[in-house]
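*Asks:* Quick one: the structure is below, questions incoming.
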Amino acid sequence: MGLIGTLVSSASVLAAEAPNEIFFPGDINEFYWGSLAFLVVVAFLMWKVFPAVRRMMRASSDRIAAELQAAETTRAQSEQRTVSLKQQLGDIDRKKAELLEESRQVAADLESDLMARAEVEAQDVRSRGEAEVELMRRQATADLQAEVGSWVAGAAEVLIAEVLQADEQTQNELVEDYINRDLRQLTQV
Amino acid sequence: MPPATSTPTTAQQYAQSLAEIAQAEGCLDEVADEVFRFARALAGSDELREALSDRRIPASRRQQIVEDLLSERAKPITAGFISLLVVAERAKEIEAMAQALADYAARSKSAEVAYVRSAVVLTAEQVSRLEQALSEVTGLNIEVKASVDANVLGGVVATIGDTVIDGSVRSRLAKLRDTFV
């Protein structure tokens with residue numbers, strides 16, 4: 001800037017010292033030196049500043065493009081992720097439906113199996129109950145028969161003992177039957 | 001009468017001694033029969049059995065009881081033998097000795113003893129026919145020793161060794177009871 005400042009100052013001084021008679025209302029030198037200084041400034045700007053500005057703008061543009069690209073990539077990934085999640089969600093729903101259906105089937109099978117087993121067990125219990133009732137009935141009948149038989153036999157014993165005690169003829173007949181008939185029959189057996 | 005169950009060895013020794021003496025005297029059958037009948041009387045009378053077995057009663061008194069019972073109903077050898085047993089505190093073994101003596105007497109005649117129990121007293125004729133019938137069915141020479149047993153109720157039970165031929169009313173009632181039960 002020191003050099004440019006010096007040039008501009010020199011051009012202004014020269015232009016102010018020599019007026020001209022053409023289109024420029026001042027000193028023509030002022031025009032020349034002003035133009036020169038302008039060109040120098042433009043050249044300087046084109047040489048040093050504009051490339052830097054261009055590089056800066058390009059870098060900014062590149063950064064923005066990179067950011068846009070990253071955003072686009074992120075968006076694409078997000079969309080992909082969204083699609084994947086939706087797909088997974090669909091899979092989960094389908095799996096859930098499958099599991100529910102499988103659970104229903106298992107429950108139905110289990111219920112059917114339990115019902116069948118319960119029916120078998122109930123039948124078995126009924127059969128055992130009927131058998132036990134029948135056994136108890138037979139046992140009760142046998143007990144009653146034995147008890148009645150015991151009573152009858154006891155009563156018959158008492159009655160026969162009393163009758164025989166007073167009936168000598170029957171006693172003798174029993175002895176005679178033993179000698180003549182029972183003895184041979186008993187020994188044949 | 002069933003086979004002896006109490007001290008058979010001692011009973012057999014006593015019975016054999018008496019049998020040899022009675023055989024020498026020529027009255028083995030009578031003595032065996034008298035001892036058998038006394039044993040049956042003893043078995044049928046708790047009072048007599050206890051009196052002859054009670055050590056608190058003096059031996060002379062017990063001996064007197066035996067003599068009173070047998071002096072006019074049995075041979076002296078029988079009364080003497082039973083008196084000896086009572087004095088020797090062996091009254092409880094008289095039944096086993098009677099059986100052993102009966103067996104000895106029967107064997108001396110190549111016979112087997114049939115112990116016959118009936119509810120009533122058998123006549124001599126019935127005993128004779130019973131001996132004959134038993135001999136026929138068993139093929140042995142049977143000699144009957146009869147006794148009265150009210151538990152028979154009616155009919156006859158004959159025991160020969162281990163064989164029992166039971167035609168008693170008691171056994172028929174038992175079968176009837178088994179049928180009901």
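Residues in the structure tokens are named by chain (A, B, ... in the order shown) and by number from 1 within that chain; ligands are numbered from 1 in the order shown.
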Write down as a PyMOL selection string the residues of range 3-161 of chain B whose backbone DSSP state falls under strand (DSSP E).
*Replies:* chain B and resi 112-118+142-148+155-160
*Asks:* Please report, as a PyMOL selection string, each residue of chain B to which DSSP assigns alpha helix (DSSP H) when run on this structure's backbone.
*Replies:* chain B and resi 8-25+28-44+46-53+59-70+76-87+94-108+124-138+169-180
*Asks:* If we count only C-alpha atoms, which residues of chain A reach to within 7 Å of chain B? Please list them as JSON, numbers by chain.
*Replies:* {"A": [145, 146, 149, 150, 153, 157, 161, 164, 171, 174, 175, 178, 179, 182, 184, 186, 187]}
*Asks:* Would you save the residues of that selection, restricted to C-alpha atoms, as a PDB file, in the first residue's frame?
*Replies:*
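So out16.pdb came out as:
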```
ATOM      1  CA  GLN A 145     -73.388-112.966  53.178  1.00  0.00           C
ATOM      2  CA  ALA A 146     -70.658-114.126  55.534  1.00  0.00           C
ATOM      3  CA  GLY A 149     -74.080-117.181  57.023  1.00  0.00           C
ATOM      4  CA  SER A 150     -72.339-116.997  60.364  1.00  0.00           C
ATOM      5  CA  ALA A 153     -74.670-121.426  61.004  1.00  0.00           C
ATOM      6  CA  GLU A 157     -75.560-125.155  65.516  1.00  0.00           C
ATOM      7  CA  ALA A 161     -77.223-129.215  69.415  1.00  0.00           C
ATOM      8  CA  LEU A 164     -79.633-133.820  69.211  1.00  0.00           C
ATOM      9  CA  GLN A 171     -77.828-139.729  67.771  1.00  0.00           C
ATOM     10  CA  LEU A 174     -75.977-140.731  63.116  1.00  0.00           C
ATOM     11  CA  VAL A 175     -73.605-143.303  64.619  1.00  0.00           C
ATOM     12  CA  TYR A 178     -71.239-143.311  60.151  1.00  0.00           C
ATOM     13  CA  ILE A 179     -70.551-147.018  60.559  1.00  0.00           C
ATOM     14  CA  ASP A 182     -70.287-142.205  56.001  1.00  0.00           C
ATOM     15  CA  ARG A 184     -66.756-145.555  53.472  1.00  0.00           C
ATOM     16  CA  LEU A 186     -65.262-140.291  53.798  1.00  0.00           C
ATOM     17  CA  THR A 187     -62.388-142.707  53.188  1.00  0.00           C
TER      18      THR A 187
END
```
*Asks:* Would you work out the distance separating CA of Asp109 in chain A from CA of Ile92 in chain A, expressed in Å to one decimal?
*Replies:*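 So the answer is 24.6 Å.
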*Asks:* I'd like the contact shell of range 15-25 of chain B - 12 Å cut-off, only C-alpha atoms, skipping same-chain residues fewer than 4 positions apart - returned as a VMD selection string.
*Replies:* chain B and resid 8 to 11 29 to 36 75 to 82 84 to 85 93 to 109
*Asks:* Can you tell me how far CA of Ala41 in chain B sits from CA of Ala74 in chain B, in Å to one decimal?
*Replies:*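 Interatomic distance, CA of Ala41 in chain B to CA of Ala74 in chain B: 13.5 Å.
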*Asks:* One decimal, Å: what's the distance from CA of Ser147 in chain B over to CA of Arg90 in chain B, could you say?
*Replies:*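 Going from CA of Ser147 in chain B over to CA of Arg90 in chain B, I get 22.0 Å.
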